[in-house]
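A.B. asks: One file is attached below, my_file-v7.cif, containing mmCIF, C-alpha atoms and all ligand atoms.
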```
data_structure
loop_
_atom_site.label_atom_id
_atom_site.label_comp_id
_atom_site.auth_asym_id
_atom_site.auth_seq_id
_atom_site.Cartn_x
_atom_site.Cartn_y
_atom_site.Cartn_z
CA MET Y 201 26.62 -17.82 4.73
CA PHE Y 202 26.05 -20.79 2.45
CA GLY Y 203 23.86 -23.64 3.53
CA PHE Y 204 21.98 -26.10 1.38
CA GLY Y 205 18.72 -24.68 2.75
CA GLN Y 206 18.87 -21.70 0.38
CA LEU Y 207 19.42 -23.88 -2.67
CA ILE Y 208 16.61 -26.23 -1.65
CA ASP Y 209 14.33 -23.20 -1.21
CA ILE Y 210 15.13 -22.14 -4.79
CA LEU Y 211 14.12 -25.60 -6.01
CA LYS Y 212 10.99 -25.74 -3.86
CA HIS Y 213 9.78 -22.60 -5.60
CA ASN Y 214 10.77 -23.92 -8.99
CA PRO Y 215 11.18 -27.72 -9.09
CA LYS Y 216 13.57 -29.06 -11.74
CA LYS Y 217 14.44 -32.30 -13.50
CA ILE Y 218 17.96 -33.72 -13.36
CA VAL Y 219 19.43 -36.49 -15.52
CA PHE Y 220 21.73 -39.06 -13.95
CA THR Y 221 23.77 -40.74 -16.67
CA GLU Y 222 24.73 -43.70 -14.49
CA GLY Y 223 21.21 -44.83 -13.54
CA ASN Y 224 22.33 -48.22 -12.27
CA ASP Y 225 24.95 -47.00 -9.79
CA PRO Y 226 23.91 -47.65 -6.17
CA ARG Y 227 25.14 -44.19 -5.07
CA ILE Y 228 22.97 -42.55 -7.73
CA LEU Y 229 20.01 -44.68 -6.65
CA GLU Y 230 20.48 -43.78 -2.98
CA ALA Y 231 20.64 -40.07 -3.83
CA SER Y 232 17.61 -40.45 -6.12
CA SER Y 233 15.58 -42.13 -3.40
CA ARG Y 234 16.34 -39.16 -1.10
CA LEU Y 235 15.37 -36.68 -3.83
CA LEU Y 236 12.16 -38.55 -4.59
CA ALA Y 237 11.21 -38.44 -0.91
CA SER Y 238 11.56 -34.67 -0.83
CA ASN Y 239 9.84 -33.71 -4.08
CA PHE Y 240 11.79 -30.61 -5.19
CA LEU Y 241 14.07 -32.27 -7.73
CA HIS Y 242 12.90 -34.98 -10.06
CA PRO Y 243 15.53 -37.58 -11.09
CA ILE Y 244 15.67 -39.06 -14.57
CA LEU Y 245 17.72 -42.25 -14.52
CA ILE Y 246 19.32 -43.49 -17.73
CA GLY Y 247 19.74 -47.19 -18.24
CA GLU Y 248 17.92 -50.52 -18.51
CA PRO Y 249 14.84 -50.38 -16.22
CA ASP Y 250 15.10 -54.05 -15.15
CA GLU Y 251 18.72 -53.64 -14.13
CA ILE Y 252 18.05 -50.35 -12.32
CA TYR Y 253 15.13 -51.82 -10.33
CA GLN Y 254 17.24 -54.88 -9.53
CA VAL Y 255 20.14 -52.79 -8.15
CA ALA Y 256 17.76 -50.50 -6.26
CA GLY Y 257 15.95 -53.51 -4.76
CA ASP Y 258 19.20 -55.25 -3.80
CA SER Y 259 20.47 -52.07 -2.16
CA GLY Y 260 17.18 -51.30 -0.44
CA PHE Y 261 16.49 -47.93 -2.10
CA ASN Y 262 12.96 -46.90 -2.97
CA ILE Y 263 13.04 -45.26 -6.39
CA ARG Y 264 9.32 -45.45 -7.06
CA GLY Y 265 8.29 -42.33 -9.02
CA SER Y 266 11.61 -41.85 -10.78
CA GLU Y 267 11.64 -41.63 -14.54
CA ILE Y 268 13.82 -44.26 -16.20
CA ILE Y 269 14.80 -43.83 -19.83
CA ASN Y 270 16.57 -46.48 -21.85
CA PRO Y 271 18.29 -45.02 -24.92
CA LYS Y 272 17.59 -48.30 -26.73
CA ASP Y 273 13.82 -47.73 -26.74
CA PHE Y 274 13.54 -43.96 -26.46
CA PRO Y 275 10.48 -43.04 -28.57
CA ASP Y 276 11.95 -39.73 -29.80
CA MET Y 277 15.30 -41.21 -30.87
CA GLU Y 278 14.90 -40.24 -34.53
CA LYS Y 279 14.21 -36.61 -33.57
CA MET Y 280 17.25 -36.73 -31.30
CA VAL Y 281 19.45 -38.17 -34.06
CA GLU Y 282 18.31 -35.38 -36.39
CA GLU Y 283 19.10 -32.69 -33.82
CA PHE Y 284 22.47 -34.28 -32.98
CA CYS Y 285 23.44 -34.26 -36.68
CA GLU Y 286 22.35 -30.64 -36.99
CA ILE Y 287 24.47 -29.55 -33.99
CA ARG Y 288 27.49 -31.52 -35.21
CA LYS Y 289 27.02 -30.84 -38.92
CA SER Y 290 30.38 -29.03 -39.17
CA LYS Y 291 31.96 -32.37 -38.22
CA GLY Y 292 30.05 -34.27 -40.92
CA ILE Y 293 28.39 -36.66 -38.46
CA THR Y 294 26.11 -39.16 -40.20
CA PRO Y 295 22.79 -40.39 -38.69
CA GLU Y 296 24.42 -43.82 -38.14
CA GLN Y 297 27.29 -42.25 -36.21
CA ALA Y 298 24.85 -40.08 -34.24
CA ARG Y 299 22.81 -43.16 -33.30
CA GLU Y 300 25.98 -44.84 -32.04
CA TYR Y 301 26.89 -41.83 -29.89
CA LEU Y 302 23.36 -41.64 -28.55
CA LEU Y 303 23.42 -45.22 -27.29
CA GLN Y 304 26.05 -44.00 -24.83
CA ASN Y 305 24.40 -42.68 -21.66
CA ASN Y 306 26.63 -39.58 -21.47
CA TYR Y 307 25.73 -38.37 -24.98
CA PHE Y 308 22.09 -39.43 -24.66
CA GLY Y 309 21.68 -37.69 -21.29
CA THR Y 310 23.28 -34.52 -22.60
CA MET Y 311 20.85 -34.47 -25.52
CA LEU Y 312 17.92 -34.86 -23.08
CA VAL Y 313 19.03 -31.55 -21.55
CA LYS Y 314 19.70 -29.97 -24.93
CA MET Y 315 16.20 -30.88 -26.14
CA GLY Y 316 14.50 -29.69 -22.94
CA TYR Y 317 13.42 -33.06 -21.50
CA ALA Y 318 15.47 -32.15 -18.42
CA ASP Y 319 16.95 -28.98 -16.92
CA SER Y 320 20.32 -30.29 -15.80
CA LEU Y 321 22.63 -33.31 -15.74
CA LEU Y 322 24.98 -34.95 -13.28
CA GLY Y 323 27.40 -37.64 -14.41
CA GLY Y 324 30.81 -38.98 -13.59
CA ALA Y 325 30.10 -41.59 -10.89
CA THR Y 326 31.82 -44.00 -13.29
CA TYR Y 327 32.62 -41.84 -16.35
CA SER Y 328 35.87 -39.84 -16.29
CA THR Y 329 35.67 -36.04 -16.16
CA ALA Y 330 36.58 -35.87 -19.85
CA ASP Y 331 33.78 -38.31 -20.82
CA THR Y 332 31.21 -36.33 -18.83
CA VAL Y 333 32.37 -32.92 -19.98
CA ARG Y 334 33.11 -33.61 -23.68
CA PRO Y 335 29.44 -34.18 -24.73
CA ALA Y 336 28.50 -30.95 -22.93
CA LEU Y 337 31.24 -29.03 -24.74
CA GLN Y 338 30.17 -30.48 -28.08
CA LEU Y 339 26.39 -30.29 -27.71
CA ILE Y 340 25.39 -27.77 -25.01
CA LYS Y 341 28.27 -25.38 -25.82
CA THR Y 342 29.24 -22.10 -24.19
CA LYS Y 343 26.59 -19.53 -23.36
CA PRO Y 344 26.42 -16.32 -25.41
CA GLY Y 345 29.25 -13.93 -24.55
CA ASN Y 346 31.52 -16.69 -23.23
CA THR Y 347 34.42 -18.22 -25.12
CA LEU Y 348 35.14 -21.17 -22.87
CA VAL Y 349 33.80 -23.57 -20.31
CA SER Y 350 35.68 -23.59 -17.04
CA SER Y 351 34.99 -24.77 -13.51
CA CYS Y 352 35.25 -23.87 -9.89
CA PHE Y 353 35.05 -25.61 -6.56
CA ILE Y 354 33.11 -24.25 -3.62
CA LEU Y 355 34.80 -25.17 -0.35
CA VAL Y 356 32.84 -25.09 2.87
CA ARG Y 357 34.30 -25.46 6.35
CA PRO Y 358 31.35 -26.07 8.65
CA SER Y 359 31.32 -24.17 11.90
CA ALA Y 360 29.49 -25.10 15.09
CA THR Y 361 27.94 -21.61 15.15
CA GLY Y 362 26.52 -22.10 11.64
CA ASP Y 363 28.76 -19.32 10.28
CA ASN Y 364 30.41 -21.63 7.73
CA GLU Y 365 33.59 -20.52 6.00
CA VAL Y 366 33.04 -20.55 2.24
CA LEU Y 367 35.71 -20.19 -0.45
CA ALA Y 368 35.67 -20.38 -4.25
CA MET Y 369 38.55 -21.77 -6.33
CA GLY Y 370 38.88 -21.76 -10.14
CA ASP Y 371 39.73 -23.40 -12.48
CA CYS Y 372 40.71 -26.64 -10.76
CA GLY Y 373 39.03 -29.02 -13.21
CA ILE Y 374 38.85 -28.16 -16.91
CA ASN Y 375 41.33 -25.84 -18.59
CA ILE Y 376 44.78 -27.30 -18.40
CA ARG Y 377 46.86 -24.21 -19.07
CA PRO Y 378 44.62 -21.14 -19.49
CA SER Y 379 45.89 -18.02 -21.25
CA GLU Y 380 45.80 -14.54 -19.72
CA ASP Y 381 42.43 -13.72 -21.30
CA GLU Y 382 41.00 -17.12 -20.43
CA LEU Y 383 41.97 -16.45 -16.80
CA VAL Y 384 39.94 -13.23 -16.93
CA GLU Y 385 36.89 -15.21 -18.07
CA ILE Y 386 37.53 -17.92 -15.47
CA ALA Y 387 37.77 -15.27 -12.75
CA GLU Y 388 34.55 -13.54 -13.81
CA GLU Y 389 32.64 -16.84 -13.87
CA THR Y 390 34.14 -17.89 -10.53
CA ILE Y 391 33.11 -14.54 -9.01
CA ARG Y 392 29.55 -15.05 -10.30
CA CYS Y 393 29.42 -18.57 -8.88
CA ALA Y 394 30.91 -17.48 -5.53
CA LYS Y 395 28.10 -14.93 -5.16
CA VAL Y 396 25.47 -17.64 -5.72
CA PHE Y 397 26.93 -19.41 -2.69
CA GLY Y 398 26.79 -16.30 -0.51
CA VAL Y 399 30.47 -15.33 -0.84
CA ASP Y 400 31.30 -11.61 -1.07
CA PRO Y 401 34.25 -12.19 -3.40
CA LYS Y 402 37.74 -10.90 -2.60
CA VAL Y 403 39.73 -12.27 -5.49
CA ALA Y 404 43.41 -13.29 -5.43
CA PHE Y 405 45.26 -14.29 -8.61
CA LEU Y 406 47.71 -16.78 -7.17
CA SER Y 407 51.36 -17.20 -8.09
CA TYR Y 408 54.75 -18.02 -6.62
CA SER Y 409 55.35 -14.26 -6.57
CA THR Y 410 53.72 -11.36 -4.68
CA ASP Y 411 53.64 -7.98 -6.31
CA GLY Y 412 56.76 -8.47 -8.41
CA SER Y 413 58.86 -10.37 -5.85
CA GLY Y 414 59.47 -13.12 -8.44
CA HIS Y 415 59.85 -13.07 -12.20
CA GLY Y 416 58.70 -15.20 -15.10
CA GLU Y 417 56.05 -15.66 -17.76
CA ASP Y 418 53.54 -17.13 -15.34
CA VAL Y 419 54.00 -14.21 -12.95
CA ASP Y 420 53.29 -11.75 -15.78
CA LYS Y 421 50.30 -13.82 -16.86
CA MET Y 422 48.69 -13.68 -13.41
CA ARG Y 423 49.49 -9.98 -12.88
CA ASN Y 424 48.06 -9.00 -16.27
CA ALA Y 425 44.98 -11.19 -15.83
CA ALA Y 426 44.32 -9.61 -12.41
CA ARG Y 427 44.68 -6.11 -13.86
CA LYS Y 428 42.34 -6.85 -16.78
CA THR Y 429 39.74 -8.46 -14.50
CA LYS Y 430 39.88 -5.45 -12.16
CA GLU Y 431 39.45 -3.04 -15.08
CA ARG Y 432 36.31 -4.91 -16.13
CA ASN Y 433 34.98 -5.28 -12.56
CA PRO Y 434 36.02 -2.13 -10.69
CA ASP Y 435 33.61 -2.76 -7.80
CA VAL Y 436 35.07 -6.17 -6.89
CA PRO Y 437 38.23 -6.35 -4.73
CA ILE Y 438 40.73 -8.09 -7.04
CA ASP Y 439 44.50 -8.30 -6.74
CA GLY Y 440 47.47 -10.26 -7.96
CA GLU Y 441 49.81 -11.69 -8.62
CA MET Y 442 50.13 -12.87 -5.02
CA GLN Y 443 51.29 -15.89 -3.08
CA PHE Y 444 48.78 -17.92 -1.14
CA ASP Y 445 50.17 -16.85 2.25
CA ALA Y 446 49.88 -13.17 1.31
CA ALA Y 447 46.33 -13.84 0.13
CA VAL Y 448 45.07 -15.37 3.36
CA SER Y 449 47.31 -14.24 6.21
CA PRO Y 450 46.87 -10.61 7.36
CA LYS Y 451 50.32 -10.75 8.99
CA VAL Y 452 52.09 -11.92 5.81
CA SER Y 453 50.06 -9.56 3.66
CA GLN Y 454 51.18 -6.63 5.88
CA LYS Y 455 54.76 -7.48 4.94
CA LYS Y 456 54.36 -8.53 1.30
CA CYS Y 457 51.54 -6.34 -0.03
CA PRO Y 458 50.42 -3.86 2.64
CA ASP Y 459 48.37 -1.77 0.21
CA SER Y 460 46.39 -4.66 -1.23
CA GLU Y 461 42.59 -4.54 -0.83
CA VAL Y 462 42.55 -8.35 -0.98
CA GLY Y 463 45.72 -9.46 0.84
CA GLY Y 464 45.06 -11.35 4.07
CA HIS Y 465 41.32 -11.70 3.38
CA ALA Y 466 40.98 -13.42 0.02
CA ASN Y 467 38.11 -15.90 -0.34
CA THR Y 468 38.09 -16.42 -4.11
CA PHE Y 469 41.23 -17.88 -5.63
CA ILE Y 470 42.25 -18.00 -9.28
CA PHE Y 471 44.97 -20.54 -10.03
CA PRO Y 472 47.49 -20.24 -12.88
CA ASP Y 473 46.77 -23.74 -14.23
CA ILE Y 474 44.95 -27.00 -13.52
CA ASN Y 475 47.94 -28.54 -11.73
CA ALA Y 476 48.02 -25.81 -9.11
CA GLY Y 477 44.23 -25.63 -8.88
CA ASN Y 478 43.53 -29.33 -8.60
CA ILE Y 479 46.28 -29.87 -6.04
CA GLY Y 480 45.27 -26.71 -4.18
CA TYR Y 481 41.61 -27.57 -3.63
CA LYS Y 482 42.49 -31.12 -2.58
CA ILE Y 483 44.91 -29.81 0.07
CA ALA Y 484 42.12 -27.63 1.47
CA GLN Y 485 39.74 -30.61 1.36
CA ARG Y 486 42.03 -33.28 2.80
CA MET Y 487 44.12 -31.24 5.25
CA GLY Y 488 42.00 -28.17 5.93
CA ASN Y 489 38.71 -29.91 6.77
CA PHE Y 490 36.83 -28.21 3.95
CA GLU Y 491 33.98 -29.98 2.17
CA ALA Y 492 34.58 -29.61 -1.57
CA TYR Y 493 31.68 -29.18 -4.02
CA GLY Y 494 32.56 -29.39 -7.69
CA PRO Y 495 33.88 -29.15 -10.24
CA ILE Y 496 30.93 -26.84 -10.93
CA LEU Y 497 31.05 -26.20 -14.66
CA LEU Y 498 30.90 -22.53 -15.61
CA GLY Y 499 30.00 -20.88 -18.90
CA LEU Y 500 27.77 -23.65 -20.32
CA ASN Y 501 24.34 -22.99 -21.78
CA SER Y 502 22.75 -25.46 -19.29
CA PRO Y 503 24.02 -26.79 -15.98
CA ILE Y 504 25.92 -30.04 -16.33
CA ASN Y 505 28.26 -31.23 -13.63
CA ASP Y 506 30.80 -33.90 -13.02
CA LEU Y 507 31.14 -36.15 -9.98
CA SER Y 508 34.33 -37.63 -8.68
CA ARG Y 509 34.43 -41.39 -9.30
CA GLY Y 510 35.13 -41.79 -5.57
CA CYS Y 511 31.96 -39.87 -4.67
CA THR Y 512 29.55 -40.91 -1.93
CA ALA Y 513 25.74 -40.93 -2.19
CA THR Y 514 25.66 -37.81 0.01
CA GLU Y 515 27.97 -36.03 -2.41
CA VAL Y 516 25.74 -37.07 -5.32
CA TYR Y 517 22.71 -35.67 -3.45
CA SER Y 518 24.50 -32.37 -2.70
CA MET Y 519 25.87 -31.97 -6.23
CA ALA Y 520 22.43 -32.72 -7.70
CA ILE Y 521 20.94 -29.88 -5.65
CA ILE Y 522 23.76 -27.49 -6.59
CA THR Y 523 23.48 -28.43 -10.28
CA ALA Y 524 19.72 -28.06 -10.47
CA ALA Y 525 19.64 -24.85 -8.42
CA LEU Y 526 22.06 -23.29 -10.92
CA ALA Y 527 19.47 -23.96 -13.63
C1 LIG B 1 37.70 -30.75 -20.87
C2 LIG B 1 38.50 -31.67 -21.78
C3 LIG B 1 38.05 -33.07 -21.55
C4 LIG B 1 38.27 -31.32 -23.24
O1 LIG B 1 39.20 -32.08 -23.95
P1 LIG B 1 38.89 -32.88 -25.29
O2 LIG B 1 37.68 -33.69 -25.14
O3 LIG B 1 40.14 -33.54 -25.69
O4 LIG B 1 38.54 -31.66 -26.16
P2 LIG B 1 38.76 -31.44 -27.67
O5 LIG B 1 39.93 -30.55 -27.80
O6 LIG B 1 38.69 -32.72 -28.44
O7 LIG B 1 37.44 -30.62 -27.92
C5 LIG B 1 36.15 -31.19 -27.96
C6 LIG B 1 35.21 -30.03 -28.20
O8 LIG B 1 35.11 -29.27 -26.99
C7 LIG B 1 35.50 -27.90 -27.23
N1 LIG B 1 36.25 -27.50 -26.05
C8 LIG B 1 37.35 -28.06 -25.51
N2 LIG B 1 37.70 -27.43 -24.38
C9 LIG B 1 36.78 -26.44 -24.19
C10 LIG B 1 36.58 -25.45 -23.20
N3 LIG B 1 37.36 -25.33 -22.14
N4 LIG B 1 35.52 -24.62 -23.32
C11 LIG B 1 34.68 -24.71 -24.38
N5 LIG B 1 34.81 -25.64 -25.35
C12 LIG B 1 35.85 -26.48 -25.25
C13 LIG B 1 36.36 -27.94 -28.47
O9 LIG B 1 36.31 -26.71 -29.12
C14 LIG B 1 35.70 -29.05 -29.26
O10 LIG B 1 34.54 -28.57 -29.87
P3 LIG B 1 34.11 -29.14 -31.32
O11 LIG B 1 34.14 -30.65 -31.20
O12 LIG B 1 32.73 -28.60 -31.51
O13 LIG B 1 35.12 -28.63 -32.29
C15 LIG B 1 40.04 -31.49 -21.49
O14 LIG B 1 40.32 -30.13 -21.47
C16 LIG B 1 40.47 -32.13 -20.23
O15 LIG B 1 40.72 -33.34 -20.18
N6 LIG B 1 40.61 -31.34 -19.12
C17 LIG B 1 41.03 -31.88 -17.85
C18 LIG B 1 39.96 -32.67 -17.18
C19 LIG B 1 40.46 -33.35 -15.96
O16 LIG B 1 41.09 -34.37 -16.04
N7 LIG B 1 40.20 -32.74 -14.79
C20 LIG B 1 40.71 -33.23 -13.54
C21 LIG B 1 39.67 -33.85 -12.66
S1 LIG B 1 38.45 -32.71 -12.07
#
```
Could you write out this structure as C-alpha cells?
C.D. replies:
Amino acid sequence: MFGFGQLIDILKHNPKKIVFTEGNDPRILEASSRLLASNFLHPILIGEPDEIYQVAGDSGFNIRGSEIINPKDFPDMEKMVEEFCEIRKSKGITPEQAREYLLQNNYFGTMLVKMGYADSLLGGATYSTADTVRPALQLIKTKPGNTLVSSCFILVRPSATGDNEVLAMGDCGINIRPSEDELVEIAEETIRCAKVFGVDPKVAFLSYSTDGSGHGEDVDKMRNAARKTKERNPDVPIDGEMQFDAAVSPKVSQKKCPDSEVGGHANTFIFPDINAGNIGYKIAQRMGNFEAYGPILLGLNSPINDLSRGCTATEVYSMAIITAALA
C-alpha cells in the first residue's frame, strides 16, 4: 500500500526539478530546505533573491543550492514572451501583454515548465486555486486524447501495521458541474491516478440513489456515466449510481445492491459535482482521520499542482514529491 518511499524511489532513479511560484513563503522555504538536503528533487524558487534569502535566514532554513529565478531579470524573457504569444495567438495577445503576464510568478513559473526549464510546478500557498490552475489550462493544456483537466484527492489513513488505507476521490477541485461524458473522463483519470498510489480501483459513481431507488437528472447522469466508463474499462470493477453507504458498507450493500461487484468495498469515488466532492473529501479528512493529498491535477501535459492556502510545510514537501513523481 501507498507510502512516500515508493515515490521517493522513483525520484532517486530519475531526479526532477520543481518550480515553486511563491518562493518567498516560509512554508515553501522549509520544504525546499528539506528537499535540498535529500537531493532527489531540485527546487526552483521564483521571486526576488534578496527577499527570499532574507525570509529563509529569518526563519532559519538553509536553502543553499536552490535555484532562484526573478522574472524581472530572467535572461530568456524575450524567448519566453515569443513562445507565450505563439501559444495564446488565438487570443491576440501582444508582446506587451505577454510581458505583463510573465511578471506574475504563476504565469512565469508555468512557462518555465512549458519551455522545459523545469519538470513540474507547485503553487497555491498564497494564490487561489483558480490563479494556480488557469495558467496551466491556458499554457500547458490538456494532454493528447483528453478533453479536460480534472483533479482527484488521494486520502490515506495511516495504520500502525503499515497497511495504510488509501482511497481516491474525483473531481473535488476543478470541474464545477461535469457532464456525463466529462464524468467518464474524470473517472478514467482518477482510476489511473489511484493505481499510481497502489490502489486496486473499485469505482463507485456516487449519488443520492442506489440502483434506481431515487429519480432525477443527476441520478441518470451518474448511472449513464458509470455504464459508459464500464464499457470502456471492462476489467475494472465499476458501478453506480450508488449511495455512499452502499459503496462502503458490506451490510448496506447487501440490502441495496447485493449483485454489485463494487458495493461495500469501493475505494475510488466519483462525485456528481464539485460541491459533493469538495465537501466529501473534507469530511473524510476532518472527521475520518484521513490525510488528504491534492487536488492532484489530471489530464494536463505536465504535472502542475495546487496547494491549499492553509497548507503546512510538511504538506508542501509531500505535494512536491507527489507532483514531481507524476512527471
Ligand atoms: C478551473 C477554473 C479556475 C477555470 O476557470 P476560469 O479560469 O474561469 O476558466 P475560463 O473559462 O476563463 O477558461 C480559461 C481557459 O481554461 C480552459 N479551461 C477551463 N476549464 C478547463 C478544464 N476543466 N479543462 C481544460 N481546460 C479548461 C478554457 O477552455 C480556457 O482556455 P482558453 O483561454 O485557451 O480559451 C474554474 O473551473 C474554477 O474556478 N474551478 C473551481 C476551483 C475551485 O475553487 N476549487 C475548490 C478548491 S480545491
A.B. asks: I'd like to know which of Y:Ser460, Y:Thr310, Y:Gln485, Y:Asn475 is closest to ligand LIG 1 (chain B), using all atoms listed in the file.
C.D. replies: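 Result for the nearest residue to ligand LIG 1 (chain B): Y:Asn475.
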A.B. asks: Could you jot down the atom CA of Y:Leu355 to atom CA of Y:Ile208 separation for me, Å, one decimal place?
C.D. replies: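 Atom-to-atom, atom CA of Y:Leu355 and atom CA of Y:Ile208 are spaced 18.3 Å apart.
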A.B. asks: So which residues are near ligand LIG 1 (chain B), meaning at most 6 Å away with only C-alpha atoms and all ligand atoms counted, given back as a ChimeraX atom specification?
C.D. replies: /Y:329-330,333-334,337-338,348-350,373-376
A.B. asks: Kindly give the distance, in Å, that separates atom CA of Y:Leu339 and atom CA of Y:Ile287, rounded to a single decimal.
C.D. replies: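 These two atoms are separated by 6.6 Å.
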A.B. asks: Nearest to Y:Phe204: which of Y:Pro401, Y:Gly440, Y:Pro358, Y:Gly324 is it, counting only C-alpha atoms?
C.D. replies: Y:Pro358
A.B. asks: Could you list, as an MDAnalysis selection string, every residue within 9 Å of stretch 227-242 of chain Y, counting only C-alpha atoms and ignoring same-chain residues fewer than 4 positions away?
C.D. replies: chainID Y and resid 208:209 211:220 222:223 252 255:256 259:267 325 511:518 520:521 524
A.B. asks: In terms of the shortest atom-to-atom distance over all atoms listed in the file, which of Y:Gly414, Y:Pro472, Y:Pro503, Y:Gly247 is closest to Y:Glu382?
C.D. replies: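 Distance minimum relative to Y:Glu382 lands on Y:Pro472.
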A.B. asks: Between Y:Tyr253, Y:Phe471, Y:Phe405, Y:Phe308, which one has atoms that come closest to Y:Pro271, using all atoms listed in the file?
C.D. replies: Y:Phe308
A.B. asks: Ranking Y:Met369, Y:Ile244, Y:Ile293, Y:Met442 by minimum distance to Y:Val313 and counting all atoms listed in the file, which one comes first?
C.D. replies: Y:Ile244
A.B. asks: Compare Y:Asp225, Y:Asp420, Y:Asp506, Y:Glu300 by their minimum atom-to-atom distance to Y:Met280, counting all atoms listed in the file, and give me the closest one.
C.D. replies: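 For Y:Met280, the nearest of the candidates is Y:Glu300.
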A.B. asks: Starting from the point (36.8, -7.5, -15.3), work out which residues of protein, DNA or RNA have an atom no more than 12 Å away when counting only C-alpha atoms; state them as a PDB file with C-alpha atoms, keeping the file's coordinate frame.
C.D. replies:
```pdb
ATOM      1  CA  ASP Y 381      42.430 -13.720 -21.300  1.00  0.00           C
ATOM      2  CA  GLU Y 382      41.000 -17.120 -20.430  1.00  0.00           C
ATOM      3  CA  LEU Y 383      41.970 -16.450 -16.800  1.00  0.00           C
ATOM      4  CA  VAL Y 384      39.940 -13.230 -16.930  1.00  0.00           C
ATOM      5  CA  GLU Y 385      36.890 -15.210 -18.070  1.00  0.00           C
ATOM      6  CA  ILE Y 386      37.530 -17.920 -15.470  1.00  0.00           C
ATOM      7  CA  ALA Y 387      37.770 -15.270 -12.750  1.00  0.00           C
ATOM      8  CA  GLU Y 388      34.550 -13.540 -13.810  1.00  0.00           C
ATOM      9  CA  GLU Y 389      32.640 -16.840 -13.870  1.00  0.00           C
ATOM     10  CA  THR Y 390      34.140 -17.890 -10.530  1.00  0.00           C
ATOM     11  CA  ILE Y 391      33.110 -14.540  -9.010  1.00  0.00           C
ATOM     12  CA  ARG Y 392      29.550 -15.050 -10.300  1.00  0.00           C
ATOM     13  CA  VAL Y 403      39.730 -12.270  -5.490  1.00  0.00           C
ATOM     14  CA  ASN Y 424      48.060  -9.000 -16.270  1.00  0.00           C
ATOM     15  CA  ALA Y 425      44.980 -11.190 -15.830  1.00  0.00           C
ATOM     16  CA  ALA Y 426      44.320  -9.610 -12.410  1.00  0.00           C
ATOM     17  CA  ARG Y 427      44.680  -6.110 -13.860  1.00  0.00           C
ATOM     18  CA  LYS Y 428      42.340  -6.850 -16.780  1.00  0.00           C
ATOM     19  CA  THR Y 429      39.740  -8.460 -14.500  1.00  0.00           C
ATOM     20  CA  LYS Y 430      39.880  -5.450 -12.160  1.00  0.00           C
ATOM     21  CA  GLU Y 431      39.450  -3.040 -15.080  1.00  0.00           C
ATOM     22  CA  ARG Y 432      36.310  -4.910 -16.130  1.00  0.00           C
ATOM     23  CA  ASN Y 433      34.980  -5.280 -12.560  1.00  0.00           C
ATOM     24  CA  PRO Y 434      36.020  -2.130 -10.690  1.00  0.00           C
ATOM     25  CA  ASP Y 435      33.610  -2.760  -7.800  1.00  0.00           C
ATOM     26  CA  VAL Y 436      35.070  -6.170  -6.890  1.00  0.00           C
ATOM     27  CA  PRO Y 437      38.230  -6.350  -4.730  1.00  0.00           C
ATOM     28  CA  ILE Y 438      40.730  -8.090  -7.040  1.00  0.00           C
ATOM     29  CA  ASP Y 439      44.500  -8.300  -6.740  1.00  0.00           C
TER      30      ASP Y 439
END
```
A.B. asks: What separation in Å, quoted to one decimal, exists between atom CA of Y:Tyr301 and atom CA of Y:Arg377?
C.D. replies: 28.7 Å
A.B. asks: Give as a PyMOL selection string each residue that has an atom at most 9 Å from (21.4, -33.2, -21.3) in the file, counting all atoms listed in the file.
C.D. replies: chain Y and resi 218-219+306-322+335-336+339-340+502-504
A.B. asks: Emit as JSON the padded axis-aligned box for all listed atoms of stretch 416-420 of chain Y, 5 Å per side, with centre and edge lengths in Å to one decimal.
C.D. replies:
```
{"center_x": 56.0, "center_y": -14.4, "center_z": -15.4, "size_x": 15.4, "size_y": 15.4, "size_z": 14.8}
```
